[in-house]
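Trainee: Got a file for you: start05.pdb, PDB, C-alpha atoms, pLDDT in the B column.
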```pdb
ATOM      1  CA  MET A   4      17.090 -11.230  -5.159  1.00 63.00           C
ATOM      2  CA  ASP A   5      17.012 -14.799  -3.891  1.00 73.00           C
ATOM      3  CA  LYS A   6      13.642 -16.100  -5.121  1.00 76.00           C
ATOM      4  CA  ALA A   7      14.016 -19.283  -3.080  1.00 75.00           C
ATOM      5  CA  ASN A   8      13.813 -17.276   0.132  1.00 90.00           C
ATOM      6  CA  LEU A   9      11.222 -14.751  -1.046  1.00 92.00           C
ATOM      7  CA  GLU A  10       8.222 -16.701   0.254  1.00 91.00           C
ATOM      8  CA  LYS A  11       9.925 -17.398   3.606  1.00 93.00           C
ATOM      9  CA  ASP A  12      10.899 -13.748   3.965  1.00 94.00           C
ATOM     10  CA  LYS A  13       7.418 -12.590   2.983  1.00 93.00           C
ATOM     11  CA  GLN A  14       5.932 -14.941   5.563  1.00 94.00           C
ATOM     12  CA  LEU A  15       8.281 -13.526   8.222  1.00 95.00           C
ATOM     13  CA  LEU A  16       7.018 -10.035   7.403  1.00 94.00           C
ATOM     14  CA  ILE A  17       3.367 -11.157   7.468  1.00 94.00           C
ATOM     15  CA  ASP A  18       3.794 -12.969  10.785  1.00 95.00           C
ATOM     16  CA  SER A  19       5.560  -9.953  12.299  1.00 95.00           C
ATOM     17  CA  LEU A  20       2.832  -7.540  11.155  1.00 93.00           C
ATOM     18  CA  LYS A  21       0.125  -9.828  12.556  1.00 93.00           C
ATOM     19  CA  LYS A  22       1.796  -9.731  15.999  1.00 94.00           C
ATOM     20  CA  ALA A  23       1.492  -5.939  16.137  1.00 91.00           C
ATOM     21  CA  VAL A  24      -2.206  -6.022  17.038  1.00 87.00           C
ATOM     22  CA  LYS A  25      -2.542  -2.549  18.561  1.00 94.00           C
ATOM     23  CA  VAL A  26      -2.211   0.509  16.345  1.00 94.00           C
ATOM     24  CA  ARG A  27       0.466   1.964  18.627  1.00 95.00           C
ATOM     25  CA  ASP A  28       2.496  -1.253  18.376  1.00 94.00           C
ATOM     26  CA  LEU A  29       2.158  -1.352  14.594  1.00 94.00           C
ATOM     27  CA  SER A  30       3.197   2.287  14.333  1.00 95.00           C
ATOM     28  CA  SER A  31       6.296   1.663  16.452  1.00 96.00           C
ATOM     29  CA  PHE A  32       7.091  -1.476  14.468  1.00 96.00           C
ATOM     30  CA  LEU A  33       6.931   0.423  11.169  1.00 96.00           C
ATOM     31  CA  ASP A  34       9.045   3.266  12.587  1.00 97.00           C
ATOM     32  CA  ASP A  35      11.703   0.773  13.657  1.00 97.00           C
ATOM     33  CA  LEU A  36      11.587  -1.265  10.445  1.00 96.00           C
ATOM     34  CA  LEU A  37      11.362   1.440   7.774  1.00 97.00           C
ATOM     35  CA  THR A  38      13.014   4.764   7.093  1.00 98.00           C
ATOM     36  CA  GLU A  39      10.815   7.865   6.845  1.00 97.00           C
ATOM     37  CA  GLU A  40      11.378   7.835   3.083  1.00 97.00           C
ATOM     38  CA  GLU A  41      10.206   4.212   2.816  1.00 98.00           C
ATOM     39  CA  ILE A  42       7.093   4.997   4.847  1.00 97.00           C
ATOM     40  CA  LEU A  43       6.340   7.983   2.602  1.00 97.00           C
ATOM     41  CA  ASP A  44       6.861   5.854  -0.530  1.00 96.00           C
ATOM     42  CA  LEU A  45       4.502   3.132   0.699  1.00 96.00           C
ATOM     43  CA  ALA A  46       1.914   5.709   1.780  1.00 97.00           C
ATOM     44  CA  GLN A  47       2.125   7.369  -1.642  1.00 97.00           C
ATOM     45  CA  ARG A  48       1.420   4.036  -3.352  1.00 96.00           C
ATOM     46  CA  LEU A  49      -1.598   3.510  -1.100  1.00 96.00           C
ATOM     47  CA  LYS A  50      -2.925   7.007  -1.813  1.00 97.00           C
ATOM     48  CA  ILE A  51      -2.550   6.451  -5.541  1.00 97.00           C
ATOM     49  CA  ALA A  52      -4.212   3.027  -5.451  1.00 96.00           C
ATOM     50  CA  LYS A  53      -7.129   4.349  -3.396  1.00 95.00           C
ATOM     51  CA  GLN A  54      -7.769   7.182  -5.830  1.00 96.00           C
ATOM     52  CA  ILE A  55      -7.547   4.906  -8.880  1.00 96.00           C
ATOM     53  CA  ILE A  56     -10.092   2.592  -7.258  1.00 94.00           C
ATOM     54  CA  GLU A  57     -12.291   5.643  -6.564  1.00 94.00           C
ATOM     55  CA  GLY A  58     -12.242   6.410 -10.294  1.00 96.00           C
ATOM     56  CA  LYS A  59     -10.049   9.511 -10.335  1.00 97.00           C
ATOM     57  CA  THR A  60      -8.068  10.207 -13.513  1.00 97.00           C
ATOM     58  CA  TYR A  61      -4.332   9.669 -13.606  1.00 98.00           C
ATOM     59  CA  ASP A  62      -3.804  13.410 -14.146  1.00 98.00           C
ATOM     60  CA  GLU A  63      -5.948  14.283 -11.106  1.00 98.00           C
ATOM     61  CA  ILE A  64      -4.082  11.782  -8.962  1.00 98.00           C
ATOM     62  CA  ALA A  65      -0.635  12.905 -10.136  1.00 98.00           C
ATOM     63  CA  GLU A  66      -1.485  16.503  -9.276  1.00 97.00           C
ATOM     64  CA  LYS A  67      -3.031  15.698  -5.901  1.00 97.00           C
ATOM     65  CA  VAL A  68      -0.297  13.281  -4.785  1.00 97.00           C
ATOM     66  CA  ASN A  69       2.478  15.375  -6.339  1.00 96.00           C
ATOM     67  CA  THR A  70       3.933  12.658  -8.547  1.00 96.00           C
ATOM     68  CA  SER A  71       4.189  11.792 -12.223  1.00 96.00           C
ATOM     69  CA  THR A  72       1.481  10.114 -14.260  1.00 97.00           C
ATOM     70  CA  SER A  73       4.090   7.402 -14.934  1.00 97.00           C
ATOM     71  CA  THR A  74       4.139   6.546 -11.221  1.00 97.00           C
ATOM     72  CA  VAL A  75       0.340   6.546 -11.141  1.00 98.00           C
ATOM     73  CA  SER A  76       0.303   4.293 -14.200  1.00 98.00           C
ATOM     74  CA  LYS A  77       2.623   1.788 -12.495  1.00 97.00           C
ATOM     75  CA  ILE A  78       0.198   1.483  -9.580  1.00 97.00           C
ATOM     76  CA  GLY A  79      -2.643   1.196 -12.077  1.00 97.00           C
ATOM     77  CA  GLN A  80      -0.847  -1.762 -13.660  1.00 97.00           C
ATOM     78  CA  VAL A  81      -0.468  -3.386 -10.245  1.00 96.00           C
ATOM     79  CA  LEU A  82      -4.190  -2.961  -9.630  1.00 96.00           C
ATOM     80  CA  LYS A  83      -5.035  -4.391 -13.043  1.00 96.00           C
ATOM     81  CA  TYR A  84      -2.570  -7.286 -13.229  1.00 97.00           C
ATOM     82  CA  GLY A  85      -1.528  -7.860  -9.611  1.00 95.00           C
ATOM     83  CA  LYS A  86      -2.847 -10.412  -7.146  1.00 95.00           C
ATOM     84  CA  GLY A  87      -5.778  -8.282  -5.968  1.00 94.00           C
ATOM     85  CA  GLY A  88      -4.513  -7.499  -2.491  1.00 93.00           C
ATOM     86  CA  LEU A  89      -4.781  -3.727  -2.741  1.00 92.00           C
ATOM     87  CA  VAL A  90      -8.298  -3.851  -4.137  1.00 91.00           C
ATOM     88  CA  LYS A  91      -9.382  -6.330  -1.487  1.00 91.00           C
ATOM     89  CA  VAL A  92      -8.035  -4.177   1.351  1.00 89.00           C
ATOM     90  CA  PHE A  93      -9.604  -0.990   0.023  1.00 86.00           C
ATOM     91  CA  LEU A  94     -12.973  -2.637  -0.629  1.00 84.00           C
ATOM     92  CA  LYS A  95     -12.932  -4.190   2.850  1.00 81.00           C
ATOM     93  CA  SER A  96     -12.113  -0.790   4.316  1.00 71.00           C
ATOM     94  CA  LYS A  97     -14.934   0.821   2.339  1.00 71.00           C
ATOM     95  CA  SER A  98     -17.520  -1.806   3.347  1.00 69.00           C
ATOM     96  CA  ARG A  99     -16.665  -1.266   7.016  1.00 66.00           C
ATOM     97  CA  GLY A 100     -17.264   2.435   6.592  1.00 62.00           C
ATOM     98  CA  GLY A 101     -13.606   3.172   7.140  1.00 55.00           C
ATOM     99  CA  GLY A 102     -12.678   5.980   4.832  1.00 53.00           C
ATOM    100  CA  LYS A 103      -9.224   6.489   6.335  1.00 55.00           C
ATOM    101  CA  LEU A 104      -7.326   4.064   4.138  1.00 53.00           C
TER     102      LEU A 104
END
```
Here is a file; write its structure as structure tokens.

Mentor:
Amino acid sequence: MDKANLEKDKQLLIDSLKKAVKVRDLSSFLDDLLTEEEILDLAQRLKIAKQIIEGKTYDEIAEKVNTSTSTVSKIGQVLKYGKGGLVKVFLKSKSRGGGKL
């Protein structure tokens, strides 16, 4: 991985996502950009993070999401030691009354 370009590449992704304002456009963008497997992997991470934030146990989450507790633990580590983005998004979603995320 070329760390020198990581921030530029991340900014390209952020700028591209921001341009897809409508849900339909964002859905099409993700379908074009990612494989079905990549979409499922990202969605699984989001499901796990949401349930950890909701206070579910790792065993409960692993069973419900059909994954290992090791995978759940990895997301738990991201929530604990990451930059706070997942928590911020889920708390924002919760405060708006949006339970979908």

Trainee: Between atom CA of A:Ser76 and atom CA of A:Tyr61, measure the distance and give it in Å to one decimal.

Mentor: 7.1 Å

Trainee: Could you tell me how far atom CA of A:Glu39 sits from atom CA of A:Ser19, in Å to one decimal place?

Mentor: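 The value is 19.4 Å.
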
Trainee: May I ask for the distance between atom CA of A:Leu49 and atom CA of A:Leu36, given in Å to one decimal place?

Mentor: 18.2 Å

Trainee: Using all atoms listed in the file, pick whichever of A:Lys6, A:Lys77, A:Arg48, A:Lys53 has the shortest atom-to-atom distance to A:Lys97.

Mentor: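 Under the stated criterion, the closest residue is A:Lys53.
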
Trainee: Compute the distance from (-6.7, 4.9, -4.6) to each atom, counting all atoms listed in the file, keep the residues with any atom at most 12 Å away, and return them as a short mmCIF file (atom, residue, chain, number, x, y, z; two decimals) with C-alpha atoms, in the frame of the given file; use the coordinates of the file.

Mentor:
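As a result, out.cif now contains:
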```
data_model
loop_
_atom_site.label_atom_id
_atom_site.label_comp_id
_atom_site.auth_asym_id
_atom_site.auth_seq_id
_atom_site.Cartn_x
_atom_site.Cartn_y
_atom_site.Cartn_z
CA ALA A 46 1.91 5.71 1.78
CA GLN A 47 2.12 7.37 -1.64
CA ARG A 48 1.42 4.04 -3.35
CA LEU A 49 -1.60 3.51 -1.10
CA LYS A 50 -2.92 7.01 -1.81
CA ILE A 51 -2.55 6.45 -5.54
CA ALA A 52 -4.21 3.03 -5.45
CA LYS A 53 -7.13 4.35 -3.40
CA GLN A 54 -7.77 7.18 -5.83
CA ILE A 55 -7.55 4.91 -8.88
CA ILE A 56 -10.09 2.59 -7.26
CA GLU A 57 -12.29 5.64 -6.56
CA GLY A 58 -12.24 6.41 -10.29
CA LYS A 59 -10.05 9.51 -10.34
CA THR A 60 -8.07 10.21 -13.51
CA TYR A 61 -4.33 9.67 -13.61
CA GLU A 63 -5.95 14.28 -11.11
CA ILE A 64 -4.08 11.78 -8.96
CA ALA A 65 -0.64 12.90 -10.14
CA LYS A 67 -3.03 15.70 -5.90
CA VAL A 68 -0.30 13.28 -4.78
CA VAL A 75 0.34 6.55 -11.14
CA SER A 76 0.30 4.29 -14.20
CA ILE A 78 0.20 1.48 -9.58
CA GLY A 79 -2.64 1.20 -12.08
CA VAL A 81 -0.47 -3.39 -10.24
CA LEU A 82 -4.19 -2.96 -9.63
CA LEU A 89 -4.78 -3.73 -2.74
CA VAL A 90 -8.30 -3.85 -4.14
CA LYS A 91 -9.38 -6.33 -1.49
CA VAL A 92 -8.04 -4.18 1.35
CA PHE A 93 -9.60 -0.99 0.02
CA LEU A 94 -12.97 -2.64 -0.63
CA SER A 96 -12.11 -0.79 4.32
CA LYS A 97 -14.93 0.82 2.34
CA GLY A 102 -12.68 5.98 4.83
CA LYS A 103 -9.22 6.49 6.34
CA LEU A 104 -7.33 4.06 4.14
#
```

Trainee: When the PyMOL selection byres ((chain A and resi 32) around 12) is applied to the structure above, which residues does it catch, written out as a list in words?

Mentor: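 Going through the file, the PyMOL selection byres ((chain A and resi 32) around 12) ends up selecting Leu16, Ser19, Leu20, Lys21, Lys22, Ala23, Val24, Lys25, Val26, Arg27, Asp28, Leu29, Ser30, Ser31, Leu33, Asp34, Asp35, Leu36, Leu37, Thr38 and Ile42 of chain A.
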